[in-house]
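A quick write-up on the structure given underneath.
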Amino acid sequence: MTFVNPLRTRNISSLVFLVLVSLLVSSCATDKKKVTEEQQRLDIELLQSLPPQKLSYEDEVRPVLQRRCVVCHGCYDAPCQLKLSSPAGITRGASKEKVYNLGRFTAASPTRLYIDAKTPDEWRNKNFHSVLNEGDATASHNLDQSVMYKMLRLKKMNPQAQGGELLADEFDLSLSRKQTCPTLKEFDKYARKKPNQGMPFAMPNLSDDEYRIISQWLAQGAPMPADKLPSAAASKQIKRWETFLNGTSNKQKLVSRYIYEHLFVGHLHFKGTDTREFYRLVRSSTPPGEPVDEIATVRPYDDPGAIFYYRLHRFPGDIVAKTHIVYELSDQRMARYRELFLKPKYEVTTLPSYEPLVASNPFKAFKDIPPRSRYEFLLDDARYFIEGFMKGPVCRGMIALNVIEDRFWVTFLNPDKDSMLEQPEFLEEMSDYLQIPSAQEGNIRLLTGWKQYRERVRKYNEGRFKYYMEMNQRDIKDAMDFLWDGNGNNPNAALTIFRHYDSASVDFGLVGNYPDTAWVIDYPLFERIHYLLVAGYNVYGNVKHQLNTRLYMDFLRMEGEDMFLSFLPSTDRKTIRDSWYEGMREGYEMELGDIDNWMSKDVVTGYKTSDPQRELYQNIISKLSPVLERDDVINRCGQPPCKASGSSASKHRADVAMQKIAEIKGLVLIAFPDVAFVRVRNDNKPENDFAYTIIRDKAYKNVTSMFKDEADDFNRDYSNDSLTVLDWLESSYPNFFFTVDINDVEKFTEHYASLTNREEYEEFVAIYGTRRTNDDFWQTADWFQDATLRERPVKAGLYDLNRYENR
């Protein structure tokens, strides 16, 4: 037996340990030296390549920023609040504070670009740190002191893998991921800890030319032009509109206030001006003719102070699809305003106050303006106002959107058939019951608020349905007159809403197969949706404000759905409604009392089939056909061949192939993205290729559960998931790209339709998909951006790639 001295063993182990530590330290020092040398090499090469003249921000720098940076740094949920869509956003810098925080017990101070601070110093006081050099302006210092450059250089030194999926343990792509947001002092530690997380994050590297342009621009001190002034064509219209909006009579002041509270969130475009020139309607402390000085209030109905002016201010940044809500101003528009608001005879003896309980309630604040005028104003551009709660600055809309279905149709009550509009005293009498939660900010207790608003809804519905109970019966064809037909030429009469998890979009027409649910909207419902989710919603509000908003939106959704149900036979209403929510409404019915008495009242008769809901949809389509912009030949092809009017042979070929995808249903769709963009190559000219959107319509057992994620089995009905295929680009957040040649389009769609599990889907992606790691990712993304600009030159905006999947 050999005796081993334990003390000697311990000494040997200690020695080995010290040697290993020494080697590790030496290795780290060597690696660090290599990194430093590589950094120095890149910096020296860049400094040696600096052109003698300044790079043009507009012609050289901005195009790269738009397509490679703004696509992830453009909305309120831009990582680290770093918005690279304008010089003001770049100089503002980044913040460690998140805009979206559902656990916030006190409201946060708003940090809206252009509004809540105007200078870099003001933003530093709000805890934003610079991403540019703000010290000595030498070329080497501009690089060494720039977080933005260091992020680009980090990516250059650690190129992204090409091909396959990104490793999940290296890249957290979830929306709720922890953000680091390093300052200049913290950057070296960040780079050592996360060497693979340079910019663009989890996207392919910039090309050599793109990297050179942005880096050289930063080395030159990141020179940026002043904001553009209004064009000559717009200046003339601005003068006319500001004169109109700042009229001195009480009537004009009330009308202008109403217009402002509905247009404040929009991108206003003057007819006849450049397709990419937009304006915001703001309240300014300075009068027309002087530079605009916007008054910062959280909501448009907050008190702006004693003296203010309505001004039109040119929007200075790049346009992001998620926040791009377009409203056109023109001579015809002004004439329409005069017809709606100034021509009717009514008096405004006193102006409403800005006290919250009055200002937040449009039925009190604007009681003097005829309800019909207000309703027609909303109807004229219904898509714009619906888009307000689908798009706008709320870049993560779960509070509003997890209360709605994934796809549904919207129509509107005919103002000629709504006797309530001719009795404004009714709305004035009901105004207390139509109060929305934002009137009391986040001060109202959650359960107390629920009880208060439940009682108010009950009172309003009791009064509202008195009108319904007095209605005479109509045959179904005649009953279609109760729906607004857009006066025979306005496509806003029929809309389709698409929900894509925490975002949504809206388009003209009745798109897709017959939906599970639909809404019919009247004036009080329309107005409350706007004041709840647009004018009254505070992204920076506390958790009580957000949850009370969510609870109240349940009531509004039910109201729109119930109005749709009222067109159906009374014997079928409850069955249809319960199928939407599997009895979840029963709890509401117990709480809301006897307001469901209307369920037993038949107003529409003459149904001839055993599927009255489908029959109603068919009658609605027939009624509104003159204003439907397109026939849905892909999703509702009744009798083949279904061919869209004016389509070429190759376009018809692609449409027919896409019909196979629209037929896929069921559990297999769990592997599919919410929104996929498809490019069908048609010939050698990229502008002649076809663009499609494949949208996954997720089915729910109910959408009334506030505390369950949509992926939970609790409220998902996977067996009834389906797809809707559009021959245009829809959504602000594409989740995946596919590309196929026209000669392979049948093979593509047959393969797509034959998939049965995730493994097969991944094989399909390898053939036709564009992964984050693909060499041609940016070129593919650029094609889709170009395609939407060609199709919608005024309404197009940059697609946000924050939700692009790691397949």
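To be explicit about the labels: the chains of the structure tokens are called A, B, and onward in the order shown, and within each one the residues are counted from 1, while ligands get numbers from 1 in the order they are shown.
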Would you pick out the contacts of A:Phe555 at 9 Å or less, using only C-alpha atoms, so that residues sharing its chain but fewer than 6 positions from it are not included, and give the list as a PDB file with N, CA and C atoms, in the first residue's frame?
```pdb
ATOM      1  N   TYR A 453     -68.582  51.370 -13.384  1.00  0.00           N
ATOM      2  CA  TYR A 453     -68.802  51.368 -14.835  1.00  0.00           C
ATOM      3  C   TYR A 453     -69.800  50.302 -15.253  1.00  0.00           C
ATOM      4  N   ARG A 454     -69.848  49.209 -14.525  1.00  0.00           N
ATOM      5  CA  ARG A 454     -70.875  48.200 -14.787  1.00  0.00           C
ATOM      6  C   ARG A 454     -72.260  48.815 -14.613  1.00  0.00           C
ATOM      7  N   VAL A 457     -72.989  51.357 -17.470  1.00  0.00           N
ATOM      8  CA  VAL A 457     -73.312  50.663 -18.712  1.00  0.00           C
ATOM      9  C   VAL A 457     -74.742  50.145 -18.663  1.00  0.00           C
TER      10      VAL A 457
END
```
Do you know which residues are at most 9 Å from A:Asp655 counting only C-alpha atoms, after dropping those on the same chain fewer than 6 positions away, and could you put them as a ChimeraX atom specification?
/A:633-634,642-644,727
Using only C-alpha atoms, the residue out of A:Ile521, A:Gly512, A:Glu328, A:Ala191 with shortest distance to A:Tyr375 is A:Ile521
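The shortest atom-to-atom distance to A:Trp783, with only C-alpha atoms taken into account, belongs to A:Arg681 out of A:Arg104, A:Arg681, A:Lys83, A:Arg257.
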Extract the full set of alpha helix (DSSP H) residues from stretch 174-422 of chain A according to DSSP on the backbone, and format it as JSON, numbers by chain.
{"A": [187, 188, 189, 190, 191, 192, 193, 208, 209, 210, 211, 212, 213, 214, 215, 216, 217, 218, 219, 232, 233, 234, 235, 236, 237, 238, 239, 240, 241, 242, 243, 244, 245, 250, 251, 252, 253, 254, 255, 256, 257, 258, 259, 260, 261, 262, 263, 331, 332, 333, 334, 335, 336, 337, 356, 357, 358, 359, 362, 363, 364, 365, 371, 372, 373, 374, 375, 376, 377, 378, 379, 380, 382, 383, 384, 385, 386, 387, 388, 389, 390, 398, 399, 400, 401]}
Compile the contact shell of A:Gln220 as a VMD selection string: residues with an atom at most 8 Å away, counting only C-alpha atoms, same-chain residues fewer than 6 positions apart removed.
chain A and resid 54 138 to 139 142
Please report the interatomic distance between atom CA of A:Pro415 and atom CA of A:Tyr346 in Å with one decimal.
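Atom CA of A:Tyr346 lies at a distance of 19.2 Å from atom CA of A:Pro415.
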Would you please give, as a PyMOL selection string, all residues of stretch 298-464 of chain A that DSSP assigns to strand (DSSP E or B) based on the backbone?
chain A and resi 309-314+320+326-329+407-413
Could you name the residues that touch A:Pro230 at 10 Å or less, counting only C-alpha atoms, but leaving out those on the same chain fewer than 3 positions away, as a list in words?
Asp227, Ala233, Ala234, Ser235, Lys236, Ile238, Thr273, Glu277, Phe278, Tyr279, Leu312, His313, Arg314 and Phe315 of chain A
Residues at most 7 Å from stretch 180-184 of chain A, counting only C-alpha atoms, excluding those fewer than 3 positions away in the same chain, as a ChimeraX atom specification?
/A:80,95-96,129,145,147,187,190
Could those selected residues go to a file with C-alpha atoms, as a PDB file, in the first residue's frame?
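Listed below is the output, result_24.pdb:
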```pdb
ATOM      1  CA  CYS A  80     -33.679  51.622 -24.835  1.00  0.00           C
ATOM      2  CA  SER A  95     -32.674  55.461 -21.648  1.00  0.00           C
ATOM      3  CA  LYS A  96     -32.711  52.474 -19.322  1.00  0.00           C
ATOM      4  CA  HIS A 129     -27.703  59.329 -22.188  1.00  0.00           C
ATOM      5  CA  GLN A 145     -16.856  58.533 -27.359  1.00  0.00           C
ATOM      6  CA  VAL A 147     -21.885  54.305 -28.100  1.00  0.00           C
ATOM      7  CA  PHE A 187     -19.794  49.708 -22.802  1.00  0.00           C
ATOM      8  CA  TYR A 190     -21.130  45.075 -22.019  1.00  0.00           C
TER       9      TYR A 190
END
```
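Of the residues listed (A:Pro437, A:Gly486, A:Gly198, A:Pro626), A:Pro437 shows the shortest atom-to-atom separation from A:Arg550; distances use only C-alpha atoms.
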